[in-house]
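For reference, start_33.csv is printed below; it contains CSV, C-alpha atoms and all ligand atoms.
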```
chain,number,residue,atom,x,y,z
A,26,MET,CA,-2.2,39.0,4.3
A,27,LEU,CA,-3.8,35.7,3.6
A,28,ARG,CA,-2.4,35.8,0.1
A,29,TRP,CA,1.0,36.5,1.4
A,30,GLU,CA,0.6,33.6,3.8
A,31,CYS,CA,-0.1,31.3,0.9
A,32,ALA,CA,2.8,32.6,-1.1
A,33,LEU,CA,5.2,32.2,1.8
A,34,ARG,CA,3.9,28.7,2.4
A,35,PHE,CA,4.8,27.9,-1.2
A,36,LEU,CA,8.3,29.5,-0.7
A,37,TRP,CA,8.9,27.5,2.4
A,38,ASN,CA,7.9,24.2,0.8
A,39,ILE,CA,10.0,24.8,-2.4
A,40,ALA,CA,13.1,25.9,-0.4
A,41,HIS,CA,12.6,22.9,1.9
A,42,GLU,CA,12.4,20.6,-1.1
A,43,GLN,CA,15.6,22.1,-2.5
A,44,ARG,CA,17.4,21.3,0.7
A,45,LEU,CA,15.9,17.8,1.0
A,46,SER,CA,16.9,16.9,-2.6
A,47,GLY,CA,20.4,18.3,-1.9
A,48,TYR,CA,20.8,16.0,1.1
A,49,ALA,CA,19.4,13.0,-0.7
A,50,ARG,CA,22.3,12.8,-3.1
A,51,LEU,CA,25.2,10.4,-2.8
A,52,THR,CA,27.6,11.1,0.1
A,53,GLY,CA,30.2,12.9,-2.0
A,54,GLU,CA,27.8,15.1,-4.0
A,55,ARG,CA,25.6,16.3,-1.2
A,56,LYS,CA,24.6,19.9,-1.3
A,57,PHE,CA,23.8,22.0,1.7
A,58,PRO,CA,22.4,25.3,0.5
A,59,SER,CA,22.6,28.0,3.1
A,60,ALA,CA,20.1,30.7,3.8
A,61,PHE,CA,22.5,33.0,1.9
A,62,ASP,CA,22.4,30.8,-1.3
A,63,GLN,CA,18.6,30.6,-1.2
A,64,ILE,CA,18.1,34.3,-0.7
A,65,ASN,CA,20.3,34.9,-3.7
A,66,GLU,CA,18.1,32.7,-5.8
A,67,LEU,CA,15.1,34.5,-4.5
A,68,THR,CA,15.5,37.4,-6.9
A,69,GLU,CA,15.2,35.0,-9.9
A,70,LEU,CA,12.2,33.3,-8.5
A,71,ARG,CA,10.4,36.5,-7.7
A,72,LYS,CA,10.8,37.7,-11.2
A,73,GLU,CA,8.9,34.7,-12.5
A,74,LEU,CA,6.1,34.6,-9.9
A,75,ASP,CA,4.0,37.8,-9.6
A,76,TRP,CA,2.2,36.6,-6.5
A,77,LEU,CA,5.5,36.0,-4.7
A,78,SER,CA,7.0,39.3,-5.7
A,79,ASP,CA,4.0,40.9,-4.1
A,80,VAL,CA,5.4,39.9,-0.7
A,81,PRO,CA,8.1,42.2,0.5
A,82,ARG,CA,11.6,40.9,-0.2
A,83,ASN,CA,12.7,41.1,3.4
A,84,VAL,CA,9.8,39.0,4.6
A,85,CYS,CA,10.6,36.3,2.0
A,86,ALA,CA,14.3,36.4,3.0
A,87,GLN,CA,13.4,36.2,6.7
A,88,LEU,CA,11.4,33.0,6.0
A,89,LEU,CA,14.4,31.4,4.4
A,90,VAL,CA,16.5,32.4,7.4
A,91,GLU,CA,13.9,30.7,9.7
A,92,LEU,CA,14.1,27.6,7.5
A,93,ASP,CA,17.9,27.7,7.9
A,94,LYS,CA,17.6,28.1,11.6
A,95,ALA,CA,15.2,25.1,11.8
A,96,TRP,CA,17.8,23.0,10.0
A,97,GLN,CA,20.6,24.2,12.2
A,98,TYR,CA,18.6,23.1,15.2
A,99,CYS,CA,18.1,19.8,13.6
A,100,PHE,CA,21.8,19.3,12.9
A,101,SER,CA,22.7,20.2,16.4
A,102,ARG,CA,20.1,17.6,17.6
A,103,LEU,CA,18.1,20.1,19.5
A,104,LYS,CA,15.0,19.6,17.4
A,105,ASN,CA,13.5,17.4,14.8
A,106,ALA,CA,13.9,18.1,11.1
A,107,PRO,CA,11.7,20.9,9.8
A,108,LYS,CA,8.5,19.8,8.1
A,109,TRP,CA,6.4,20.7,5.2
A,110,LYS,CA,3.9,23.5,5.8
A,111,ARG,CA,0.4,22.5,5.2
A,112,LYS,CA,-2.6,24.8,4.7
A,113,GLY,CA,-4.9,24.9,7.6
A,114,ARG,CA,-2.5,23.1,9.9
A,115,ASP,CA,0.8,25.0,10.1
A,116,GLN,CA,1.3,28.6,10.9
A,117,ILE,CA,3.3,31.1,8.8
A,118,SER,CA,4.5,34.3,10.2
A,119,LEU,CA,5.2,37.4,8.3
A,120,ILE,CA,8.4,38.7,9.9
A,121,GLU,CA,9.9,42.0,9.2
A,122,SER,CA,13.3,42.1,10.8
A,123,HIS,CA,14.6,45.4,9.6
A,124,CYS,CA,13.5,47.9,12.2
A,125,LYS,CA,13.7,50.9,9.9
A,126,VAL,CA,11.0,49.8,7.5
A,127,TRP,CA,8.2,49.2,9.8
A,128,ARG,CA,6.8,51.6,12.4
A,129,PHE,CA,4.1,51.7,15.1
A,130,GLY,CA,2.1,54.5,16.5
A,131,ASP,CA,-0.8,55.0,18.9
A,132,SER,CA,-3.2,52.7,17.3
A,133,VAL,CA,-1.5,51.7,14.0
A,134,ILE,CA,1.3,49.5,12.8
A,135,ARG,CA,2.8,50.4,9.5
A,136,PHE,CA,4.1,47.3,7.6
A,137,PRO,CA,5.8,47.5,4.3
A,138,LYS,CA,3.4,47.3,1.3
A,139,LEU,CA,0.4,46.9,3.7
A,140,GLY,CA,0.5,50.4,4.9
A,141,ASP,CA,-1.2,51.3,8.2
A,142,LEU,CA,-2.9,48.5,10.0
A,143,ARG,CA,-5.3,49.4,12.8
A,144,ALA,CA,-4.1,47.7,16.0
A,145,VAL,CA,-4.7,47.7,19.7
A,146,ILE,CA,-1.5,49.0,21.2
A,147,HIS,CA,-2.5,48.2,24.8
A,148,ARG,CA,0.9,48.9,26.4
A,149,PRO,CA,3.9,51.1,25.7
A,150,CYS,CA,6.9,49.3,24.2
A,151,GLU,CA,10.1,49.7,26.2
A,152,GLY,CA,13.5,49.7,24.5
A,153,ARG,CA,14.6,49.6,20.9
A,154,PRO,CA,12.1,47.9,18.6
A,155,LYS,CA,13.8,45.2,16.6
A,156,THR,CA,11.4,42.9,14.7
A,157,CYS,CA,7.7,43.1,13.8
A,158,THR,CA,5.9,39.8,13.1
A,159,LEU,CA,2.4,39.4,11.8
A,160,LYS,CA,0.8,36.1,12.6
A,161,ARG,CA,-2.7,34.7,12.2
A,162,ASP,CA,-4.4,32.8,15.0
A,163,GLY,CA,-7.5,31.4,13.4
A,164,ASP,CA,-9.6,34.4,12.5
A,165,GLN,CA,-7.5,37.0,14.2
A,166,TRP,CA,-4.2,38.6,13.3
A,167,PHE,CA,-1.6,39.6,15.9
A,168,ALA,CA,1.5,41.8,15.7
A,169,THR,CA,4.4,40.7,17.8
A,170,ILE,CA,7.0,43.4,18.5
A,171,VAL,CA,10.3,42.4,20.0
A,172,CYS,CA,12.2,45.2,21.8
A,173,GLU,CA,15.6,45.1,23.2
A,174,ILE,CA,16.6,46.9,26.3
A,175,ASP,CA,20.0,47.1,28.1
A,176,VAL,CA,19.9,45.9,31.7
A,177,ALA,CA,22.6,45.6,34.3
A,178,ASP,CA,23.7,42.1,35.3
A,179,PRO,CA,21.3,40.9,37.9
A,180,ILE,CA,22.8,40.2,41.3
A,181,SER,CA,23.0,36.4,41.7
A,182,ARG,CA,20.6,35.0,44.2
A,183,VAL,CA,20.8,31.6,45.8
A,184,GLU,CA,18.0,31.9,48.4
A,185,PRO,CA,15.3,31.2,49.3
A,186,ILE,CA,15.1,27.7,47.9
A,187,VAL,CA,11.9,26.0,47.0
A,188,ALA,CA,11.0,22.8,45.1
A,189,ILE,CA,7.9,22.5,43.1
A,190,ASP,CA,6.3,19.3,42.1
A,191,ARG,CA,3.4,18.7,39.8
A,192,GLY,CA,0.8,16.6,41.4
A,193,VAL,CA,-2.1,14.6,40.1
A,194,VAL,CA,-4.9,16.4,38.3
A,195,ASN,CA,-3.8,20.0,37.7
A,196,THR,CA,-2.2,20.8,41.0
A,197,VAL,CA,1.2,22.2,41.8
A,198,ALA,CA,2.7,21.6,45.2
A,199,ASP,CA,5.8,23.2,46.7
A,200,SER,CA,8.1,22.2,49.5
A,201,ASP,CA,6.8,25.0,51.8
A,202,GLY,CA,3.5,23.1,51.9
A,203,ASN,CA,1.5,25.3,49.4
A,204,ILE,CA,-0.8,23.6,47.0
A,205,VAL,CA,-2.1,25.5,44.0
A,206,ARG,CA,-5.0,24.1,42.1
A,207,SER,CA,-5.0,25.0,38.5
A,208,PRO,CA,-8.4,26.0,37.2
A,209,ARG,CA,-9.8,23.3,34.8
A,210,PHE,CA,-10.0,25.5,31.8
A,211,LEU,CA,-10.5,22.8,29.2
A,212,GLU,CA,-13.0,20.8,31.3
A,213,ASN,CA,-15.0,24.0,32.0
A,214,SER,CA,-15.4,24.6,28.3
A,215,LEU,CA,-16.1,21.0,27.3
A,216,ARG,CA,-19.9,21.3,27.2
A,217,GLN,CA,-19.7,24.4,25.0
A,218,LEU,CA,-17.0,22.8,22.9
A,219,SER,CA,-18.9,19.5,22.2
A,220,ARG,CA,-22.1,21.5,21.3
A,221,MET,CA,-20.1,23.4,18.7
A,222,GLN,CA,-18.4,20.3,17.4
A,223,ARG,CA,-21.7,18.6,17.0
A,224,ALA,CA,-22.9,21.6,15.0
A,225,VAL,CA,-19.9,21.3,12.7
A,226,ALA,CA,-20.6,17.7,12.1
A,227,ARG,CA,-24.3,18.5,11.2
A,228,LYS,CA,-23.5,21.1,8.6
A,229,GLN,CA,-22.8,20.4,5.0
A,230,LYS,CA,-19.2,19.6,4.4
A,231,GLY,CA,-17.1,22.5,3.0
A,232,SER,CA,-20.0,24.9,3.3
A,233,LYS,CA,-19.7,28.5,4.5
A,234,ASN,CA,-22.0,27.6,7.4
A,235,GLN,CA,-19.7,24.8,8.5
A,236,GLU,CA,-16.7,27.1,8.2
A,237,LYS,CA,-18.5,29.5,10.6
A,238,TYR,CA,-18.9,26.8,13.2
A,239,LYS,CA,-15.3,25.6,12.8
A,240,ILE,CA,-14.2,29.1,13.6
A,241,ARG,CA,-16.3,29.0,16.8
A,242,VAL,CA,-14.7,25.7,17.8
A,243,MET,CA,-11.3,27.2,17.2
A,244,ARG,CA,-12.1,30.3,19.3
A,245,ILE,CA,-13.0,28.2,22.3
A,246,TYR,CA,-9.7,26.3,22.0
A,247,ARG,CA,-7.9,29.6,21.7
A,248,SER,CA,-9.6,31.0,24.8
A,249,VAL,CA,-8.7,27.9,26.8
A,250,ARG,CA,-5.1,28.1,25.7
A,251,ARG,CA,-4.8,31.8,26.6
A,252,ARG,CA,-6.4,31.4,30.0
A,253,ARG,CA,-4.1,28.6,30.8
A,254,GLU,CA,-1.1,30.6,29.6
A,255,HIS,CA,-2.1,33.6,31.6
A,256,PHE,CA,-2.5,31.4,34.7
A,257,LEU,CA,1.0,29.9,34.2
A,258,HIS,CA,2.5,33.4,33.7
A,259,VAL,CA,1.1,34.7,36.9
A,260,LEU,CA,2.0,31.6,38.9
A,261,SER,CA,5.6,31.5,37.5
A,262,HIS,CA,6.0,35.2,38.1
A,263,ASP,CA,5.0,34.8,41.8
A,264,TYR,CA,7.4,32.0,42.3
A,265,ALA,CA,10.3,33.6,40.4
A,266,LYS,CA,9.8,36.9,42.2
A,267,SER,CA,10.2,35.5,45.7
A,268,HIS,CA,12.8,32.8,45.2
A,269,GLY,CA,16.4,32.5,44.3
A,270,VAL,CA,16.6,28.8,43.4
A,271,ILE,CA,13.6,26.8,42.2
A,272,ILE,CA,13.9,23.0,41.9
A,273,VAL,CA,11.7,21.0,39.5
A,274,GLU,CA,11.7,17.4,38.6
A,275,ASP,CA,13.9,16.6,35.6
A,276,LEU,CA,11.4,15.6,32.9
A,277,ASN,CA,13.2,12.6,31.6
A,278,ILE,CA,11.7,11.7,28.3
A,279,ARG,CA,12.1,8.0,28.9
A,280,ASN,CA,10.1,8.3,32.2
A,281,MET,CA,7.3,10.0,30.4
A,282,VAL,CA,7.0,7.4,27.7
A,283,HIS,CA,7.5,4.2,29.7
A,284,GLY,CA,5.1,5.1,32.4
A,285,VAL,CA,6.2,5.9,35.7
A,286,SER,CA,9.1,5.3,37.9
A,287,GLY,CA,8.4,5.2,41.6
A,288,GLY,CA,4.7,4.4,41.4
A,289,ARG,CA,3.3,7.7,40.6
A,290,ASN,CA,-0.4,7.5,39.9
A,291,SER,CA,0.0,6.5,36.3
A,292,ASN,CA,-3.7,5.8,35.8
A,293,GLN,CA,-4.7,9.3,36.7
A,294,LYS,CA,-2.1,10.8,34.5
A,295,SER,CA,-2.8,8.7,31.4
A,296,GLY,CA,-4.5,9.6,28.3
A,297,LEU,CA,-5.1,13.0,26.7
A,298,ASN,CA,-5.1,14.9,29.9
A,299,ARG,CA,-1.5,13.7,30.6
A,300,GLY,CA,-0.4,15.0,27.3
A,301,ILE,CA,-1.8,18.4,28.1
A,302,LEU,CA,-0.3,18.3,31.6
A,303,ASP,CA,3.1,17.5,30.3
A,304,ALA,CA,3.0,20.2,27.7
A,305,GLY,CA,1.8,22.7,30.3
A,306,TRP,CA,4.4,21.6,32.8
A,307,GLY,CA,7.2,22.0,30.3
A,308,LYS,CA,5.9,25.5,29.5
A,309,PHE,CA,5.7,26.3,33.2
A,310,ALA,CA,9.3,25.2,33.8
A,311,ASN,CA,10.4,27.3,30.8
A,312,MET,CA,8.7,30.4,32.2
A,313,LEU,CA,10.3,29.9,35.6
A,314,ASP,CA,13.7,29.5,33.9
A,315,TYR,CA,13.7,32.8,32.1
A,316,LYS,CA,11.9,34.7,34.8
A,317,LEU,CA,14.5,33.6,37.3
A,318,ARG,CA,17.4,34.5,35.1
A,319,TRP,CA,16.1,38.0,34.8
A,320,SER,CA,16.2,38.4,38.5
A,321,GLY,CA,19.5,36.6,39.0
A,322,GLY,CA,18.0,33.3,40.2
A,323,ALA,CA,18.3,29.8,38.7
A,324,LEU,CA,16.1,26.9,37.9
A,325,VAL,CA,17.5,23.5,38.9
A,326,LYS,CA,16.3,20.2,37.6
A,327,GLU,CA,16.5,17.3,40.0
A,328,GLU,CA,16.0,13.6,39.5
A,329,SER,CA,12.5,12.6,40.5
A,330,SER,CA,12.7,8.8,40.7
A,331,TYR,CA,11.0,7.4,43.8
A,332,SER,CA,10.2,10.9,45.0
A,333,SER,CA,6.6,10.1,45.4
A,334,VAL,CA,7.1,7.1,47.6
A,335,THR,CA,10.0,8.2,49.7
A,336,CYS,CA,9.3,9.6,53.1
A,337,SER,CA,10.7,13.1,53.5
A,338,SER,CA,11.1,12.6,57.3
A,339,CYS,CA,12.9,9.2,57.5
A,340,GLN,CA,13.8,8.5,53.8
A,341,ASN,CA,12.0,5.2,54.0
A,342,ILE,CA,10.9,4.0,50.5
A,343,ASP,CA,7.6,2.1,50.4
A,344,LYS,CA,4.9,2.1,47.8
A,345,ARG,CA,2.3,1.5,50.5
A,346,SER,CA,3.0,4.9,52.1
A,347,ARG,CA,1.2,6.6,49.4
A,348,SER,CA,-2.5,6.4,48.7
A,349,HIS,CA,-4.0,9.0,46.3
A,350,GLN,CA,-3.5,12.5,47.7
A,351,SER,CA,-2.1,11.6,51.1
A,352,PHE,CA,1.2,10.2,52.3
A,353,ILE,CA,1.5,8.3,55.5
A,354,CYS,CA,4.9,6.8,56.1
A,355,THR,CA,4.7,3.1,57.0
A,356,SER,CA,7.9,3.3,58.9
A,357,CYS,CA,7.8,6.5,61.0
A,358,GLY,CA,4.1,7.6,60.6
A,359,TYR,CA,4.9,10.9,59.1
A,360,GLN,CA,1.8,12.4,57.4
A,361,ASP,CA,1.6,14.9,54.6
A,362,HIS,CA,0.0,15.8,51.3
A,363,ALA,CA,1.6,13.4,48.8
A,364,ASP,CA,2.7,16.1,46.4
A,365,VAL,CA,4.2,18.3,49.2
A,366,ASN,CA,6.1,15.3,50.4
A,367,ALA,CA,7.5,14.7,46.9
A,368,ALA,CA,8.5,18.3,46.6
A,369,ARG,CA,10.3,18.1,49.9
A,370,ILE,CA,12.2,15.1,48.6
A,371,LEU,CA,13.3,17.1,45.6
A,372,LYS,CA,14.5,19.9,47.8
A,373,GLN,CA,16.4,17.5,50.1
A,374,ARG,CA,18.1,16.0,47.1
A,375,TYR,CA,19.2,19.4,45.9
A,376,GLU,CA,20.5,20.4,49.3
A,377,HIS,CA,22.3,17.1,49.6
A,378,ARG,CA,24.0,17.7,46.2
A,379,ALA,CA,24.7,21.3,47.2
A,380,ASN,CA,26.4,20.3,50.4
A,381,ARG,CA,28.6,17.8,48.6
A,382,SER,CA,29.5,20.3,46.0
A,383,VAL,CA,30.5,22.9,48.6
A,384,LEU,CA,32.9,20.3,50.0
A,385,LEU,CA,34.3,19.6,46.5
A,386,GLY,CA,34.3,23.3,45.6
A,387,GLU,CA,32.0,23.0,42.6
A,388,GLU,CA,29.5,25.5,41.5
A,389,LEU,CA,26.1,23.9,41.6
A,390,VAL,CA,23.8,26.6,40.4
A,391,PRO,CA,24.6,27.7,36.8
A,392,GLU,CA,26.0,31.2,37.1
A,393,ALA,CA,23.3,33.7,36.4
A,394,GLY,CA,24.0,37.1,34.8
A,395,ARG,CA,26.3,38.0,31.9
A,396,ARG,CA,23.1,39.2,30.4
A,397,THR,CA,23.4,42.7,29.2
A,398,LYS,CA,20.5,42.7,26.8
A,399,LYS,CA,17.0,41.6,27.4
A,400,LYS,CA,14.4,41.0,24.8
A,401,ILE,CA,10.8,41.8,25.5
A,402,THR,CA,8.0,40.5,23.4
A,403,ASN,CA,4.8,42.5,23.0
A,404,HIS,CA,1.7,41.1,21.4
A,405,PHE,CA,-0.9,43.4,19.8
A,406,THR,CA,-4.2,42.6,18.1
A,407,VAL,CA,-4.5,43.8,14.6
A,408,ILE,CA,-8.1,44.8,13.8
A,501,ZN,ZN,9.0,8.1,57.5
```
Could you write out this structure as structure tokens?
Ligand SMILES: [Zn+2]
Amino acid sequence: MLRWECALRFLWNIAHEQRLSGYARLTGERKFPSAFDQINELTELRKELDWLSDVPRNVCAQLLVELDKAWQYCFSRLKNAPKWKRKGRDQISLIESHCKVWRFGDSVIRFPKLGDLRAVIHRPCEGRPKTCTLKRDGDQWFATIVCEIDVADPISRVEPIVAIDRGVVNTVADSDGNIVRSPRFLENSLRQLSRMQRAVARKQKGSKNQEKYKIRVMRIYRSVRRRREHFLHVLSHDYAKSHGVIIVEDLNIRNMVHGVSGGRNSNQKSGLNRGILDAGWGKFANMLDYKLRWSGGALVKEESSYSSVTCSSCQNIDKRSRSHQSFICTSCGYQDHADVNAARILKQRYEHRANRSVLLGEELVPEAGRRTKKKITNHFTVI
């Protein structure tokens, strides 16, 4: 599998280069090879390179399809241009998208040319299996099986409404007054992590021994990442299950880069931790979004400027109302947790917009439903 990974990395880079040199030509002579063109040329290439023809053809072809998708995203300005794949940095997945050629049983996954791989199939797969992906995460391999099931259109729900605001230092506050403190996963592992990193630095560069400790460092990161993801899944599930509309702040990219509108505690949010928080928050919003869609609800993004310094009782805007975690209005004396107050502001803005749109006869919540197929992703560990 490692050999295949290397071969596919080569294939990605060479196909990427073909595209780049095609685009780099003069305006009239530009070439835009499609996935179809590149897959056609694959046969010739595989004849010449034994180590590439060792990888199943479908898996090679699917990689070229992925590259094509990456470029399409780039052209429609949804993402940045695809990049070179570098060893040790970028991940390569072995994707088998033809459901007839792979199979899975009680504790095995049969992949073309690899035969039976022992795997921990820890839950039954619902629906029709579609694709099987093998992916390495450090020293472990995982199989991802995507299944498709038919579901009825969910009944559209518009209530209850709640707004969620992320507070300072790993907390989430909602407009009902609940405050959830996220466990400090990374912080809790920092001691262990720095001990291992020191060990890596002490060992001889490039030695087997150093490799061993590098793997240990990576395992700690992996465990932190998984615990954080698990926590976010549970939290987003709880919210999505019991609400129809959830409002979150609109993460404006400009706001994030140029510090903070409305006097949010920028000092406490700066640095590395803020990067992690932002990434985690984006992921959380994403999870809320698709979980709500499944149940007929909707995620709404609301503008968050001045939300942290506006009083949710009298709408007075004053920077002095806020000090750290608490909010005391300088005008009417209203007291609350600062993040709960901010969440209430978000909810009020949404309700204000909703009332206006009822008058104008507009639909505010994007219509849920029209989803007849649902894809479920299952992850299994390959031993
Ligand atoms: Zn007030």
*Do a neighbour search on Asp361 in chain A at 7 Å with only C-alpha atoms, toss out local chain neighbours closer than 6 positions, and write the hits as a ChimeraX atom specification.*
/A:351-353
*asked:* So that I can check the surroundings of Leu159 in chain A, please list as a PyMOL selection string every protein, DNA and RNA residue that reaches within 6 Å of it, counting all atoms listed in the file and ignoring chain neighbours fewer than 5 positions away.
replied: chain A and resi 118-119+167-168
*May I ask which of the residues A:Thr406, A:Ser346, A:Ser200, A:Gln373 is the closest one to Gly358 in chain A, counting all atoms listed in the file?*
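That would be A:Ser346, the residue with the smallest distance to Gly358 in chain A.
The nearest approach to ligand ZN 501 (chain A) among the residues A:Arg347, A:Arg111, A:Arg55, A:Arg244, with all atoms listed in the file taken into account, belongs to A:Arg347.
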*How far is it from CA of Asp190 in chain A to CA of Val273 in chain A, in Å with one decimal?*
6.2 Å
_Contacts of range 140-142 of chain A at 9 Å (all atoms listed in the file; same-chain gap of 5+ positions) as a count of residues only_ = 7
*Kindly provide, as number ranges by chain, all nucleotide and amino acid residues lying within 7 Å of ligand ZN 501 (chain A), counting all atoms listed in the file.*
A: 336-341, 354-359
Keeping only C-alpha atoms, write the selected residues as an mmCIF file, in the frame of the given file.
```cif
data_model
loop_
_atom_site.group_PDB
_atom_site.id
_atom_site.type_symbol
_atom_site.label_atom_id
_atom_site.label_comp_id
_atom_site.auth_asym_id
_atom_site.auth_seq_id
_atom_site.Cartn_x
_atom_site.Cartn_y
_atom_site.Cartn_z
ATOM 1 C CA CYS A 336 9.300 9.600 53.100
ATOM 2 C CA SER A 337 10.700 13.100 53.500
ATOM 3 C CA SER A 338 11.100 12.600 57.300
ATOM 4 C CA CYS A 339 12.900 9.200 57.500
ATOM 5 C CA GLN A 340 13.800 8.500 53.800
ATOM 6 C CA ASN A 341 12.000 5.200 54.000
ATOM 7 C CA CYS A 354 4.900 6.800 56.100
ATOM 8 C CA THR A 355 4.700 3.100 57.000
ATOM 9 C CA SER A 356 7.900 3.300 58.900
ATOM 10 C CA CYS A 357 7.800 6.500 61.000
ATOM 11 C CA GLY A 358 4.100 7.600 60.600
ATOM 12 C CA TYR A 359 4.900 10.900 59.100
#
```
*Might you pull out every residue within 10 Å of Phe61 in chain A, with all atoms listed in the file counted and same-chain residues fewer than 5 positions away left off, and present them as a list in words?*
Glu66, Leu67, Ala86, Leu89, Val90 and Asp93 of chain A
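Candidate residues A:Arg148, A:Arg50, A:Arg143, A:Arg220 were compared for distance to Trp166 in chain A, and the nearest is A:Arg143, using all atoms listed in the file.
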*Do you know which residues are at most 12 Å from Ser248 in chain A counting all atoms listed in the file, after dropping those on the same chain fewer than 4 positions away, and could you put them as a list of chain:residue names?*
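That gives A:Asp162, A:Gly163, A:Phe210, A:Leu211, A:Asn213, A:Ser214, A:Leu218, A:Arg241, A:Val242, A:Met243, A:Arg244, A:Arg252, A:Arg253, A:Glu254, A:His255.
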Selected residues written out with C-alpha atoms, as a PDB file, keeping the file's coordinate frame:
```pdb
ATOM      1  CA  ASP A 162      -4.400  32.800  15.000  1.00  0.00           C
ATOM      2  CA  GLY A 163      -7.500  31.400  13.400  1.00  0.00           C
ATOM      3  CA  PHE A 210     -10.000  25.500  31.800  1.00  0.00           C
ATOM      4  CA  LEU A 211     -10.500  22.800  29.200  1.00  0.00           C
ATOM      5  CA  ASN A 213     -15.000  24.000  32.000  1.00  0.00           C
ATOM      6  CA  SER A 214     -15.400  24.600  28.300  1.00  0.00           C
ATOM      7  CA  LEU A 218     -17.000  22.800  22.900  1.00  0.00           C
ATOM      8  CA  ARG A 241     -16.300  29.000  16.800  1.00  0.00           C
ATOM      9  CA  VAL A 242     -14.700  25.700  17.800  1.00  0.00           C
ATOM     10  CA  MET A 243     -11.300  27.200  17.200  1.00  0.00           C
ATOM     11  CA  ARG A 244     -12.100  30.300  19.300  1.00  0.00           C
ATOM     12  CA  ARG A 252      -6.400  31.400  30.000  1.00  0.00           C
ATOM     13  CA  ARG A 253      -4.100  28.600  30.800  1.00  0.00           C
ATOM     14  CA  GLU A 254      -1.100  30.600  29.600  1.00  0.00           C
ATOM     15  CA  HIS A 255      -2.100  33.600  31.600  1.00  0.00           C
TER      16      HIS A 255
END
```
*Determine the nearest neighbour of Pro81 in chain A from the options A:Gln116, A:Cys124, A:Gln43, A:Leu139, counting only C-alpha atoms.*
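Closest residue, counting only C-alpha atoms: A:Leu139.
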*What gap, in Å, lies between CA of His262 in chain A and CA of Arg318 in chain A?*
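So the answer is 11.8 Å.
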*Nearest to Phe35 in chain A: which of A:Lys112, A:Lys104, A:His123, A:His404 is it, counting only C-alpha atoms?*
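Smallest distance to Phe35 in chain A is found for A:Lys112.
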*Point out the residue among A:Glu376, A:Pro149, A:Arg191, A:Ser207 with the least atom-to-atom distance to Ser333 in chain A, counting only C-alpha atoms.*
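Looking at the shortest contact to Ser333 in chain A, the residue is A:Arg191.
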*Give me, please, the distance in Å between CA of Ser332 in chain A and CA of Ala368 in chain A, quoted to one decimal.*
7.8 Å
